[in-house]
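Source file: query-v2.cif (mmCIF, C-alpha atoms and all ligand atoms)
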```cif
data_input
loop_
_atom_site.label_atom_id
_atom_site.label_comp_id
_atom_site.auth_asym_id
_atom_site.auth_seq_id
_atom_site.Cartn_x
_atom_site.Cartn_y
_atom_site.Cartn_z
CA MET A 1 45.67 196.64 -2.72
CA GLU A 2 43.53 193.67 -1.76
CA LYS A 3 40.87 194.76 -4.20
CA ALA A 4 43.39 195.14 -7.04
CA LYS A 5 44.66 191.65 -6.35
CA ASP A 6 41.10 190.29 -6.51
CA ILE A 7 40.54 191.89 -9.89
CA MET A 8 43.84 190.53 -11.11
CA ASN A 9 42.82 187.09 -9.95
CA SER A 10 39.43 187.17 -11.57
CA LYS A 11 40.94 188.40 -14.83
CA TRP A 12 43.47 185.65 -14.70
CA LEU A 13 40.77 183.14 -13.93
CA ALA A 14 38.74 184.33 -16.89
CA ARG A 15 41.76 183.82 -19.10
CA VAL A 16 42.21 180.35 -17.72
CA VAL A 17 38.56 179.53 -18.39
CA ILE A 18 38.86 180.75 -21.99
CA GLY A 19 42.10 178.82 -22.38
CA LEU A 20 40.52 175.72 -21.01
CA ALA A 21 37.51 176.05 -23.28
CA ILE A 22 39.77 176.13 -26.33
CA LEU A 23 41.75 173.24 -24.98
CA LEU A 24 38.60 171.27 -24.35
CA THR A 25 37.56 171.60 -27.99
CA VAL A 26 40.92 170.47 -29.28
CA VAL A 27 41.28 167.65 -26.86
CA ALA A 28 37.73 166.52 -27.60
CA ILE A 29 38.75 165.88 -31.22
CA TYR A 30 41.12 163.13 -30.28
CA LEU A 31 39.05 161.78 -27.43
CA VAL A 32 36.11 161.05 -29.69
CA ALA A 33 37.25 157.46 -30.15
CA THR A 34 36.70 156.56 -26.52
CA GLN A 35 33.02 155.80 -26.92
CA ARG A 36 30.97 156.41 -23.82
CA HIS A 37 27.40 155.61 -23.08
CA VAL A 38 25.13 155.78 -20.12
CA MET A 39 25.92 153.50 -17.21
CA HIS A 40 23.75 150.45 -16.76
CA THR A 41 23.00 149.29 -13.26
CA VAL A 42 21.55 145.99 -12.26
CA SER A 43 17.80 146.30 -11.89
CA ALA A 44 16.38 146.21 -8.39
CA GLU A 45 14.07 143.22 -8.77
CA THR A 46 16.97 140.82 -9.45
CA ALA A 47 19.34 142.34 -6.94
CA GLU A 48 18.48 139.95 -4.12
CA CYS A 49 19.61 136.87 -6.04
CA ARG A 50 22.99 138.05 -7.05
CA THR A 51 26.31 136.20 -6.61
CA VAL A 52 29.51 138.12 -7.20
CA VAL A 53 32.72 136.26 -8.00
CA VAL A 54 36.14 137.86 -8.31
CA VAL A 55 38.23 135.83 -10.74
CA ALA A 56 41.11 134.16 -8.91
CA SER A 57 44.29 132.66 -10.28
CA GLY A 58 43.55 129.28 -11.85
CA ASP A 59 39.89 130.10 -12.52
CA THR A 60 38.55 129.48 -15.98
CA LEU A 61 35.27 130.66 -17.37
CA GLY A 62 34.09 127.07 -17.66
CA LYS A 63 34.95 126.27 -14.05
CA LEU A 64 33.19 129.38 -12.69
CA LEU A 65 30.08 128.80 -14.80
CA MET A 66 29.81 125.13 -13.83
CA GLU A 67 30.18 126.08 -10.17
CA GLN A 68 27.03 128.15 -10.66
CA GLY A 69 25.19 125.14 -12.04
CA LEU A 70 25.41 125.94 -15.72
CA SER A 71 25.55 123.01 -18.12
CA HIS A 72 28.32 122.06 -20.52
CA SER A 73 26.32 123.30 -23.51
CA ASP A 74 25.61 126.61 -21.74
CA VAL A 75 29.33 127.01 -21.10
CA THR A 76 30.19 126.32 -24.73
CA GLU A 77 27.60 128.78 -25.99
CA ILE A 78 28.52 131.50 -23.50
CA ALA A 79 32.21 131.18 -24.39
CA LYS A 80 31.28 131.51 -28.06
CA VAL A 81 29.13 134.66 -27.74
CA LEU A 82 31.60 136.24 -25.32
CA LYS A 83 34.35 135.88 -27.86
CA SER A 84 32.36 136.93 -30.93
CA ASP A 85 30.30 139.75 -29.37
CA ALA A 86 32.54 141.12 -26.62
CA GLY A 87 36.00 140.03 -27.70
CA ILE A 88 36.55 138.29 -24.38
CA SER A 89 38.32 134.94 -24.54
CA THR A 90 40.17 134.80 -21.23
CA LEU A 91 39.51 136.00 -17.70
CA ARG A 92 42.09 137.94 -15.76
CA ALA A 93 42.74 136.85 -12.19
CA ASP A 94 42.23 139.50 -9.47
CA ARG A 95 40.83 141.93 -12.03
CA ASP A 96 37.69 140.62 -13.68
CA LYS A 97 34.49 140.36 -11.71
CA ILE A 98 31.50 138.21 -12.61
CA GLU A 99 27.95 138.63 -11.28
CA PHE A 100 25.45 135.79 -11.56
CA LEU A 101 21.78 136.70 -11.33
CA ARG A 102 18.83 134.41 -10.66
CA ASP A 103 15.11 135.14 -10.60
CA ALA A 104 15.01 133.34 -7.25
CA ASP A 105 17.53 131.50 -5.10
CA ASP A 106 16.44 128.07 -6.34
CA GLN A 107 16.31 129.13 -10.00
CA PRO A 108 19.04 128.69 -12.63
CA VAL A 109 21.26 131.62 -13.59
CA SER A 110 19.39 133.83 -16.05
CA LYS A 111 21.86 136.64 -16.42
CA ILE A 112 25.64 136.96 -16.14
CA VAL A 113 27.42 140.29 -15.88
CA ILE A 114 31.15 140.36 -16.54
CA ILE A 115 33.03 143.49 -15.52
CA PRO A 116 36.38 143.45 -17.30
CA SER A 117 37.19 147.06 -16.40
CA PRO A 118 35.59 149.82 -14.36
CA TRP A 119 34.48 151.28 -17.70
CA ARG A 120 32.91 148.33 -19.38
CA GLN A 121 30.35 145.75 -18.52
CA VAL A 122 29.23 142.76 -20.52
CA GLU A 123 25.77 141.29 -19.94
CA LEU A 124 24.87 137.79 -20.97
CA THR A 125 21.17 137.04 -20.92
CA CYS A 126 19.51 133.67 -21.25
CA GLY A 127 16.55 133.81 -23.62
CA ASP A 128 13.32 131.79 -23.32
CA ALA A 129 14.69 129.17 -25.73
CA GLY A 130 17.76 128.75 -23.53
CA ASN A 131 20.01 130.64 -25.92
CA TRP A 132 22.47 133.23 -24.63
CA SER A 133 22.89 136.75 -26.00
CA CYS A 134 25.53 139.26 -25.13
CA GLN A 135 25.47 143.03 -24.77
CA THR A 136 28.35 145.37 -23.97
CA THR A 137 27.87 148.68 -22.18
CA ASP A 138 30.49 151.36 -21.73
CA ILE A 139 30.23 153.22 -18.47
CA GLU A 140 30.17 156.97 -18.64
CA ARG A 141 33.31 158.62 -17.40
CA VAL A 142 34.48 162.14 -16.87
CA THR A 143 38.16 162.81 -17.40
CA ARG A 144 40.32 165.54 -15.94
CA ALA A 145 43.84 166.46 -16.95
CA ILE A 146 46.10 166.85 -13.93
CA TRP A 147 49.53 168.49 -13.93
CA ARG A 148 52.36 167.54 -11.59
CA GLY A 149 55.89 168.88 -11.72
CA GLY A 150 59.03 168.27 -9.72
CA GLU A 151 62.77 168.50 -9.55
CA ILE A 152 65.56 165.98 -9.06
CA LEU A 153 67.41 166.58 -5.78
CA ASP A 154 70.91 165.51 -4.81
CA GLY A 155 71.14 161.72 -4.59
CA ASP A 156 67.59 161.36 -5.94
CA SER A 157 66.20 158.89 -8.41
CA PHE A 158 63.58 159.92 -10.93
CA TYR A 159 61.18 157.58 -9.20
CA LEU A 160 61.62 159.25 -5.78
CA ALA A 161 61.38 162.72 -7.26
CA GLY A 162 58.24 161.72 -9.15
CA GLN A 163 56.63 160.34 -6.00
CA ARG A 164 57.47 163.52 -4.14
CA ALA A 165 55.86 165.52 -6.95
CA GLY A 166 52.66 163.57 -6.32
CA ILE A 167 52.68 161.56 -9.53
CA PRO A 168 50.79 158.27 -8.97
CA ALA A 169 52.90 155.10 -9.21
CA GLY A 170 51.16 153.74 -12.31
CA ILE A 171 51.55 157.03 -14.18
CA LEU A 172 55.17 157.23 -13.07
CA ALA A 173 55.78 153.75 -14.47
CA ASP A 174 54.24 154.81 -17.81
CA VAL A 175 56.39 157.95 -17.88
CA TYR A 176 59.45 155.86 -17.09
CA ASP A 177 58.70 153.51 -19.99
CA LEU A 178 58.09 156.40 -22.37
CA LEU A 179 61.31 158.17 -21.46
CA ALA A 180 63.37 154.99 -21.42
CA PHE A 181 64.02 155.04 -25.14
CA GLU A 182 65.38 158.58 -24.79
CA MET A 183 67.20 158.49 -21.47
CA ASP A 184 69.35 156.33 -19.27
CA PHE A 185 67.87 156.69 -15.81
CA GLU A 186 71.07 155.55 -14.15
CA ARG A 187 73.40 157.99 -15.84
CA ASP A 188 71.33 160.88 -17.19
CA ILE A 189 69.90 161.98 -13.85
CA ARG A 190 71.35 165.09 -12.18
CA ALA A 191 70.24 167.28 -9.31
CA GLY A 192 68.36 170.35 -10.53
CA GLN A 193 66.67 168.67 -13.51
CA LYS A 194 63.02 169.67 -13.69
CA PHE A 195 60.23 167.53 -15.06
CA SER A 196 56.49 167.64 -15.42
CA VAL A 197 53.67 165.32 -16.43
CA LEU A 198 50.11 165.97 -17.60
CA TYR A 199 47.91 162.93 -17.13
CA GLU A 200 44.28 161.86 -16.96
CA GLU A 201 42.16 161.07 -13.92
CA ASN A 202 38.86 159.30 -14.62
CA PHE A 203 35.72 159.90 -12.62
CA SER A 204 32.43 158.08 -12.52
CA ASP A 205 29.45 159.59 -10.66
CA GLY A 206 31.78 162.24 -9.19
CA LYS A 207 34.15 159.68 -7.69
CA LYS A 208 37.68 159.09 -8.91
CA VAL A 209 38.00 155.58 -10.33
CA ASP A 210 41.44 155.39 -11.92
CA ASN A 211 44.16 157.22 -13.76
CA GLY A 212 44.12 157.36 -17.53
CA HIS A 213 46.82 158.13 -20.04
CA VAL A 214 49.93 160.23 -19.85
CA LEU A 215 49.10 163.26 -22.03
CA ALA A 216 52.39 165.14 -21.97
CA ILE A 217 55.87 164.83 -20.47
CA SER A 218 58.66 167.32 -20.16
CA PHE A 219 62.07 166.39 -18.78
CA GLN A 220 65.19 168.56 -18.67
CA ALA A 221 67.67 165.92 -19.80
CA LEU A 222 71.41 166.38 -20.12
CA ARG A 223 71.23 166.85 -23.87
CA GLY A 224 68.20 169.16 -23.86
CA ASN A 225 64.56 169.20 -22.93
CA VAL A 226 62.82 165.92 -23.78
CA GLN A 227 59.15 166.52 -24.60
CA MET A 228 56.46 164.03 -25.44
CA TYR A 229 52.81 164.57 -26.32
CA ARG A 230 50.11 161.98 -26.75
CA PHE A 231 48.29 162.61 -30.03
CA ARG A 232 45.72 160.86 -32.15
CA LYS A 233 46.39 160.80 -35.89
CA SER A 234 43.56 161.18 -38.39
CA ASP A 235 43.72 157.43 -39.07
CA GLY A 236 42.85 156.90 -35.40
CA THR A 237 46.22 155.60 -34.21
CA ILE A 238 47.62 157.14 -31.07
CA GLY A 239 51.27 157.83 -30.47
CA TYR A 240 53.69 160.04 -28.61
CA TYR A 241 55.46 162.83 -30.44
CA ASP A 242 58.21 165.27 -29.60
CA GLY A 243 57.79 169.04 -29.79
CA GLU A 244 58.36 169.03 -33.55
CA GLY A 245 55.88 166.24 -34.21
CA ASN A 246 58.40 163.46 -34.72
CA GLY A 247 57.54 160.01 -33.31
CA ALA A 248 58.90 160.09 -29.77
CA ILE A 249 59.01 156.36 -29.22
CA LYS A 250 62.32 155.32 -30.65
CA SER A 251 61.82 151.68 -31.31
CA LEU A 252 64.44 149.18 -32.31
CA LYS A 253 65.11 148.35 -35.90
CA ARG A 254 64.57 144.71 -36.74
CA THR A 255 67.20 144.95 -39.44
CA PRO A 256 69.92 147.41 -38.44
CA ILE A 257 71.40 147.40 -41.97
CA ASN A 258 68.77 148.55 -44.46
CA ASN A 259 67.94 146.13 -47.29
CA ALA A 260 70.37 143.49 -46.04
CA LYS A 261 69.40 139.95 -47.01
CA VAL A 262 68.69 137.48 -44.22
CA THR A 263 71.03 134.51 -44.66
CA SER A 264 70.11 132.62 -41.50
CA SER A 265 67.11 133.13 -39.29
CA PHE A 266 66.38 132.79 -35.60
CA THR A 267 65.79 129.25 -34.46
CA THR A 268 66.01 127.30 -31.26
CA ARG A 269 67.70 124.39 -33.16
CA ARG A 270 69.98 124.46 -36.19
CA LYS A 271 73.13 122.79 -37.39
CA HIS A 272 75.97 125.18 -36.69
CA PRO A 273 77.88 125.85 -39.95
CA VAL A 274 81.28 125.73 -38.25
CA LEU A 275 80.78 123.49 -35.23
CA GLY A 276 78.74 120.98 -37.23
CA PHE A 277 76.41 119.99 -34.39
CA THR A 278 72.94 121.24 -33.71
CA ARG A 279 72.81 124.41 -31.70
CA ALA A 280 70.28 127.22 -31.28
CA HIS A 281 70.75 130.30 -33.43
CA LYS A 282 69.78 133.12 -31.10
CA GLY A 283 69.89 135.85 -33.70
CA VAL A 284 69.48 136.68 -37.36
CA ASP A 285 72.33 136.76 -39.88
CA PHE A 286 72.35 139.49 -42.50
CA ARG A 287 74.56 139.37 -45.58
CA ALA A 288 77.06 142.23 -45.30
CA PRO A 289 80.44 142.56 -47.05
CA THR A 290 83.41 143.19 -44.77
CA GLY A 291 83.53 146.86 -43.81
CA THR A 292 79.75 147.50 -44.10
CA PRO A 293 78.91 150.08 -41.41
CA ILE A 294 76.66 148.68 -38.67
CA PRO A 295 74.22 151.20 -37.16
CA ALA A 296 72.82 150.89 -33.64
CA ALA A 297 69.26 149.50 -33.88
CA GLY A 298 68.09 151.98 -31.26
CA ALA A 299 69.34 154.60 -28.85
CA GLY A 300 71.04 153.24 -25.77
CA ARG A 301 74.24 152.66 -23.89
CA VAL A 302 77.05 150.30 -24.90
CA VAL A 303 77.37 147.64 -22.20
CA ALA A 304 79.89 145.36 -23.99
CA ARG A 305 82.55 145.91 -26.63
CA ALA A 306 84.67 142.81 -26.63
CA TYR A 307 85.89 139.66 -28.40
CA ASN A 308 84.85 136.10 -27.71
CA ARG A 309 85.40 132.87 -29.62
CA GLY A 310 81.83 132.57 -30.85
CA HIS A 311 80.84 136.17 -31.52
CA GLY A 312 84.26 137.49 -32.53
CA ASN A 313 84.26 141.27 -32.12
CA TYR A 314 80.86 142.19 -30.77
CA VAL A 315 79.00 145.14 -29.30
CA LYS A 316 76.04 144.92 -26.94
CA ILE A 317 73.73 147.89 -26.36
CA ARG A 318 71.26 148.33 -23.53
CA HIS A 319 68.28 150.35 -24.79
CA ASN A 320 66.10 150.49 -21.70
CA GLY A 321 64.96 148.26 -18.88
CA THR A 322 63.53 145.81 -21.40
CA TYR A 323 65.68 145.60 -24.53
CA GLU A 324 69.29 144.87 -25.39
CA THR A 325 70.80 144.26 -28.83
CA LEU A 326 74.00 142.48 -29.83
CA TYR A 327 76.03 142.77 -33.04
CA ALA A 328 78.63 140.07 -33.75
CA HIS A 329 81.49 139.10 -36.10
CA MET A 330 82.61 142.72 -36.62
CA SER A 331 85.85 143.33 -38.49
CA LYS A 332 86.41 146.40 -36.31
CA PHE A 333 84.65 148.68 -33.86
CA ALA A 334 83.70 152.26 -34.66
CA LYS A 335 85.93 154.93 -33.17
CA GLY A 336 84.68 156.32 -29.86
CA VAL A 337 82.36 153.39 -29.16
CA ASN A 338 83.34 152.00 -25.76
CA VAL A 339 81.59 150.43 -22.80
CA GLY A 340 79.47 153.23 -21.33
CA THR A 341 79.15 155.22 -24.57
CA THR A 342 75.64 156.51 -25.22
CA VAL A 343 74.65 155.95 -28.83
CA ARG A 344 71.87 157.35 -31.01
CA GLN A 345 69.63 155.17 -33.13
CA GLY A 346 71.47 154.77 -36.43
CA GLN A 347 74.88 155.72 -35.07
CA ILE A 348 77.62 153.52 -36.56
CA ILE A 349 79.01 151.24 -33.85
CA GLY A 350 81.25 148.97 -35.94
CA TYR A 351 81.87 147.31 -39.30
CA ALA A 352 80.80 143.93 -40.60
CA GLY A 353 83.34 141.15 -40.80
CA SER A 354 83.85 137.46 -40.14
CA THR A 355 85.59 137.31 -36.77
CA GLY A 356 84.75 134.51 -34.33
CA LEU A 357 82.86 131.39 -35.45
CA SER A 358 81.76 132.54 -38.87
CA THR A 359 81.91 131.15 -42.40
CA GLY A 360 81.96 134.50 -44.16
CA PRO A 361 81.33 138.20 -43.69
CA HIS A 362 77.91 138.91 -42.20
CA LEU A 363 76.19 140.67 -39.32
CA HIS A 364 74.82 138.43 -36.61
CA TYR A 365 72.17 140.46 -34.81
CA GLU A 366 70.37 139.59 -31.57
CA ILE A 367 67.54 141.22 -29.65
CA ILE A 368 67.35 140.34 -25.98
CA LYS A 369 64.05 141.16 -24.29
CA ASN A 370 63.98 140.93 -20.49
CA GLY A 371 67.05 138.72 -20.62
CA GLN A 372 65.58 136.30 -23.21
CA HIS A 373 66.65 136.08 -26.82
CA VAL A 374 63.76 136.86 -29.13
CA ASN A 375 63.41 136.68 -32.89
CA PRO A 376 64.32 140.17 -34.19
CA LEU A 377 62.15 139.67 -37.26
CA THR A 378 58.96 138.79 -35.39
CA VAL A 379 59.19 140.21 -31.85
CA LYS A 380 56.54 142.84 -31.13
CA LEU A 381 58.28 146.20 -30.80
CA PRO A 382 56.93 149.64 -29.90
CA ALA A 383 56.03 151.24 -33.25
CA ILE A 384 57.73 154.25 -34.70
CA ASN A 385 54.83 156.42 -35.67
CA ASN A 386 55.51 159.46 -37.78
CA LEU A 387 53.06 162.18 -38.84
CA ASP A 388 52.26 163.21 -42.38
CA ASN A 389 52.07 166.93 -43.17
CA ALA A 390 48.36 167.32 -42.45
CA ASP A 391 48.61 165.53 -39.10
CA LYS A 392 51.78 167.41 -38.23
CA LYS A 393 49.96 170.71 -38.74
CA LYS A 394 47.12 169.53 -36.48
CA PHE A 395 49.61 168.27 -33.94
CA LEU A 396 51.45 171.60 -33.75
CA GLU A 397 48.17 173.48 -33.22
CA TYR A 398 47.10 170.99 -30.55
CA LYS A 399 50.49 171.22 -28.85
CA LYS A 400 50.28 175.03 -28.74
CA VAL A 401 46.93 174.93 -26.94
CA LEU A 402 48.04 172.11 -24.67
CA GLU A 403 51.19 174.01 -23.74
CA SER A 404 49.21 177.11 -22.79
CA GLY A 405 47.01 174.93 -20.58
CA ILE A 406 50.09 173.33 -19.03
CA GLU A 407 51.56 176.76 -18.36
CA GLN A 408 48.44 177.80 -16.48
CA LEU A 409 48.29 174.58 -14.51
CA SER A 410 51.98 174.85 -13.61
CA LYS A 411 51.16 178.15 -11.88
CA ASN A 412 48.30 176.52 -10.03
CA PRO A 413 48.67 172.73 -9.78
CA ASN A 414 45.44 172.47 -7.78
CA MET A 415 43.48 173.33 -10.90
CA PHE A 416 42.65 170.78 -13.55
CA ILE A 417 41.39 170.75 -17.10
CA GLN A 418 38.01 169.13 -17.64
CA LEU A 419 38.40 167.09 -20.81
ZN ZN B 1 74.37 134.24 -36.57
#
```

Could you rewrite the structure in this file as structure tokens?
Ligand SMILES: [Zn+2]
Amino acid sequence: MEKAKDIMNSKWLARVVIGLAILLTVVAIYLVATQRHVMHTVSAETAECRTVVVVASGDTLGKLLMEQGLSHSDVTEIAKVLKSDAGISTLRADRDKIEFLRDADDQPVSKIVIIPSPWRQVELTCGDAGNWSCQTTDIERVTRAIWRGGEILDGDSFYLAGQRAGIPAGILADVYDLLAFEMDFERDIRAGQKFSVLYEENFSDGKKVDNGHVLAISFQALRGNVQMYRFRKSDGTIGYYDGEGNGAIKSLKRTPINNAKVTSSFTTRRKHPVLGFTRAHKGVDFRAPTGTPIPAAGAGRVVARAYNRGHGNYVKIRHNGTYETLYAHMSKFAKGVNVGTTVRQGQIIGYAGSTGLSTGPHLHYEIIKNGQHVNPLTVKLPAINNLDNADKKKFLEYKKVLESGIEQLSKNPNMFIQL
């Protein structure tokens, strides 16, 4: 019996190895963009005259360089090459590290190493003529795909269940953000729902350094299994897609009504057409004849369906922890849209009109980001990223291989896939 079990195990292992080899090839295709080169270490002869500074809040590059005795003109030149050659224009407090190297303790700084991430280091070297040059090195990393799965228990939150499943906090936060356009974490969570996440762990010299990207998510939501896969398109852009290859990030529409003309834009000061005095316009007005159906700009939950003197009949939708949208001056609300109703992107929530403080039929549309009104036409929104036929075909093949890897890992979560 024992023997038979061993053979079974080794056969199974062989299958896993073959599966992983296929997976590795496929995954490699989309990982090509993360360029990696050999790690550079500081040479031994300069090591004794090294000063390491961790950037603190309030530090500027200029301040830190001058503290090390560099001149104004050095600072100006260093800032210039850093920006043009390494794309660095600001330092991040508590994250970036700077090393200053001198040939001897009483000598001026001859080399500066900036470490903006564990995977990148930027070396500034002072030439004989006193000019500074800049070289960027990517540090070699090895990435593993890790699978963790769990289940919501009675009285649980997704966050608690995720922690219990062993999903690191940062990955959990990413998963939360990704699912937030699809789910309402307050109302869509039930005991018994299963979920899983495939994510990256990055290693350097055999030691784990940090977690990488979320590669795949599966969540048994109330209205079906929500699946998301990270995938690189042939044009190099990366997005998350559902099982069919549709863009999984449901962004908000800047203009809920297609092709509607903007009649008044977002401004912090404008003369109100009815009130006459200057007042901020916290949204965008779109021309829309009375009765024009108004679609929800994104999926979410209705948090207000009411009348007030300014907005007239209005609906407010909460999309996730970050975004809310508001639609004002409606002639009437759509049937079945009430406070608490979950709406799809594009679902009709009401009809344009001129109720409240309004000079004529139009849609007044607001986007509220983290409690602040933002300009719907210019605010940066997560992109909707759809696949063309060729990419969709590639995606479906990739997904098939990824799923078979996930299935094997789900049977043995201690294993990992070497990417
Ligand atoms: Zn308006």

Work out how far apart atom CA of Ile367 of chain A and atom CA of Lys332 of chain A are and give it in Å to one decimal. 20.7 Å

Any chance you could tabulate, as a Markdown table, the residues of chain A at most 7 Å from ligand ZN 1 (chain B) with each one's nearest atom pair and distance in Å to one decimal, using all atoms listed in the file, in chain and rising number order?
```
| residue | atom | partner | partner_atom | distance |
| --- | --- | --- | --- | --- |
| A:Ser264 | CA | B:ZN1 | ZN | 6.7 |
| A:His281 | CA | B:ZN1 | ZN | 6.2 |
| A:Gly283 | CA | B:ZN1 | ZN | 5.6 |
| A:Val284 | CA | B:ZN1 | ZN | 5.5 |
| A:Asp285 | CA | B:ZN1 | ZN | 4.6 |
| A:His364 | CA | B:ZN1 | ZN | 4.2 |
| A:Tyr365 | CA | B:ZN1 | ZN | 6.8 |
```

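The space between atom CA of Ser218 of chain A and atom CA of Tyr323 of chain A spans 23.2 Å.
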
What would the list of residues within 10 Å of (33.5, 163.1, -12.5) (file frame) look like as number ranges by chain, if only C-alpha atoms are what count? A: 140-144, 201-209, 418

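Atom CA of Gln68 of chain A sits 18.3 Å away from atom CA of Cys134 of chain A.
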
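When the distance limit is 10 Å and only C-alpha atoms are what count, the residues near Arg309 of chain A, minus those fewer than 4 positions from it on the same chain, are Asn313, His329, Thr355, Gly356, Leu357 and Ser358 of chain A.
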
Just the selected residues (C-alpha atoms), exported as a tab-separated table (two decimals), keeping the file's coordinate frame, please.
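Result saved to out21.tsv:
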```tsv
chain	number	residue	atom	x	y	z
A	313	ASN	CA	84.26	141.27	-32.12
A	329	HIS	CA	81.49	139.10	-36.10
A	355	THR	CA	85.59	137.31	-36.77
A	356	GLY	CA	84.75	134.51	-34.33
A	357	LEU	CA	82.86	131.39	-35.45
A	358	SER	CA	81.76	132.54	-38.87
```

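For the residues A:Asn211, A:Gln345, A:Thr290, A:Ser196, ranking by smallest atom-to-atom distance to Lys253 of chain A using all atoms listed in the file places A:Gln345 first.
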
Please build the interface table for segment 214-311 of chain A against segment 169-175 of chain A with a cut-off of 12 Å, listing for each qualifying residue the nearest atom pair and the distance in Å to one decimal; count all atoms listed in the file, order rows by chain and increasing number, and write it as JSON lines.
```
{"residue": "A:Val214", "atom": "CA", "partner": "A:Ile171", "partner_atom": "CA", "distance": 6.7}
{"residue": "A:Leu215", "atom": "CA", "partner": "A:Val175", "partner_atom": "CA", "distance": 9.9}
{"residue": "A:Ala216", "atom": "CA", "partner": "A:Val175", "partner_atom": "CA", "distance": 9.2}
{"residue": "A:Ile217", "atom": "CA", "partner": "A:Val175", "partner_atom": "CA", "distance": 7.4}
{"residue": "A:Ser218", "atom": "CA", "partner": "A:Val175", "partner_atom": "CA", "distance": 9.9}
{"residue": "A:Phe219", "atom": "CA", "partner": "A:Val175", "partner_atom": "CA", "distance": 10.2}
{"residue": "A:Val226", "atom": "CA", "partner": "A:Val175", "partner_atom": "CA", "distance": 11.8}
{"residue": "A:Gln227", "atom": "CA", "partner": "A:Val175", "partner_atom": "CA", "distance": 11.2}
{"residue": "A:Met228", "atom": "CA", "partner": "A:Val175", "partner_atom": "CA", "distance": 9.7}
{"residue": "A:Tyr229", "atom": "CA", "partner": "A:Val175", "partner_atom": "CA", "distance": 11.3}
{"residue": "A:Arg230", "atom": "CA", "partner": "A:Val175", "partner_atom": "CA", "distance": 11.6}
{"residue": "A:Tyr240", "atom": "CA", "partner": "A:Val175", "partner_atom": "CA", "distance": 11.3}
{"residue": "A:Ile249", "atom": "CA", "partner": "A:Val175", "partner_atom": "CA", "distance": 11.7}
```

Using the file's own x, y and z axes, what box holds all listed atoms of segment 161-174 of chain A with 5 Å on each side, keeping edges along x, y and z, and what are its centre and edge lengths in Å to one decimal, as AutoDock Vina command-line options?
```
--center_x 56.1 --center_y 159.6 --center_z -11.0 --size_x 20.6 --size_y 21.8 --size_z 23.7
```

Excluding segment 360-363 of chain A and its own-chain neighbours fewer than 4 positions away, which residues fall within 8 Å of it when counting all atoms listed in the file? Please give them as number ranges by chain. A: 285-290, 327-330, 352-354

Contacts of segment 48-52 of chain A within 9 Å, all atoms listed in the file, excl. fewer than 5 positions in-chain, as a VMD selection string: chain A and resid 97 to 105

Could you save the residues just selected, with C-alpha atoms, as an mmCIF file, keeping the file's coordinate frame?
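Resulting contents of part-v4.cif:
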```cif
data_model
loop_
_atom_site.group_PDB
_atom_site.id
_atom_site.type_symbol
_atom_site.label_atom_id
_atom_site.label_comp_id
_atom_site.auth_asym_id
_atom_site.auth_seq_id
_atom_site.Cartn_x
_atom_site.Cartn_y
_atom_site.Cartn_z
ATOM 1 C CA LYS A 97 34.490 140.360 -11.710
ATOM 2 C CA ILE A 98 31.500 138.210 -12.610
ATOM 3 C CA GLU A 99 27.950 138.630 -11.280
ATOM 4 C CA PHE A 100 25.450 135.790 -11.560
ATOM 5 C CA LEU A 101 21.780 136.700 -11.330
ATOM 6 C CA ARG A 102 18.830 134.410 -10.660
ATOM 7 C CA ASP A 103 15.110 135.140 -10.600
ATOM 8 C CA ALA A 104 15.010 133.340 -7.250
ATOM 9 C CA ASP A 105 17.530 131.500 -5.100
#
```

Counting only C-alpha atoms, write as a compact mmCIF listing (two decimals) with C-alpha atoms, keeping the file's coordinate frame all protein and nucleic acid residues lying at most 12 Å from (56.7, 170.3, -12.5) in the file's frame.
```
# COMPACT_ATOMS: atom_id res chain seq x y z
CA ILE A 146 46.10 166.85 -13.93
CA TRP A 147 49.53 168.49 -13.93
CA ARG A 148 52.36 167.54 -11.59
CA GLY A 149 55.89 168.88 -11.72
CA GLY A 150 59.03 168.27 -9.72
CA GLU A 151 62.77 168.50 -9.55
CA ILE A 152 65.56 165.98 -9.06
CA ALA A 161 61.38 162.72 -7.26
CA GLY A 162 58.24 161.72 -9.15
CA GLN A 163 56.63 160.34 -6.00
CA ARG A 164 57.47 163.52 -4.14
CA ALA A 165 55.86 165.52 -6.95
CA GLY A 166 52.66 163.57 -6.32
CA ILE A 167 52.68 161.56 -9.53
CA GLY A 192 68.36 170.35 -10.53
CA GLN A 193 66.67 168.67 -13.51
CA LYS A 194 63.02 169.67 -13.69
CA PHE A 195 60.23 167.53 -15.06
CA SER A 196 56.49 167.64 -15.42
CA VAL A 197 53.67 165.32 -16.43
CA LEU A 198 50.11 165.97 -17.60
CA ALA A 216 52.39 165.14 -21.97
CA ILE A 217 55.87 164.83 -20.47
CA SER A 218 58.66 167.32 -20.16
CA PHE A 219 62.07 166.39 -18.78
CA GLN A 220 65.19 168.56 -18.67
CA ILE A 406 50.09 173.33 -19.03
CA GLU A 407 51.56 176.76 -18.36
CA GLN A 408 48.44 177.80 -16.48
CA LEU A 409 48.29 174.58 -14.51
CA SER A 410 51.98 174.85 -13.61
CA LYS A 411 51.16 178.15 -11.88
CA ASN A 412 48.30 176.52 -10.03
CA PRO A 413 48.67 172.73 -9.78
```
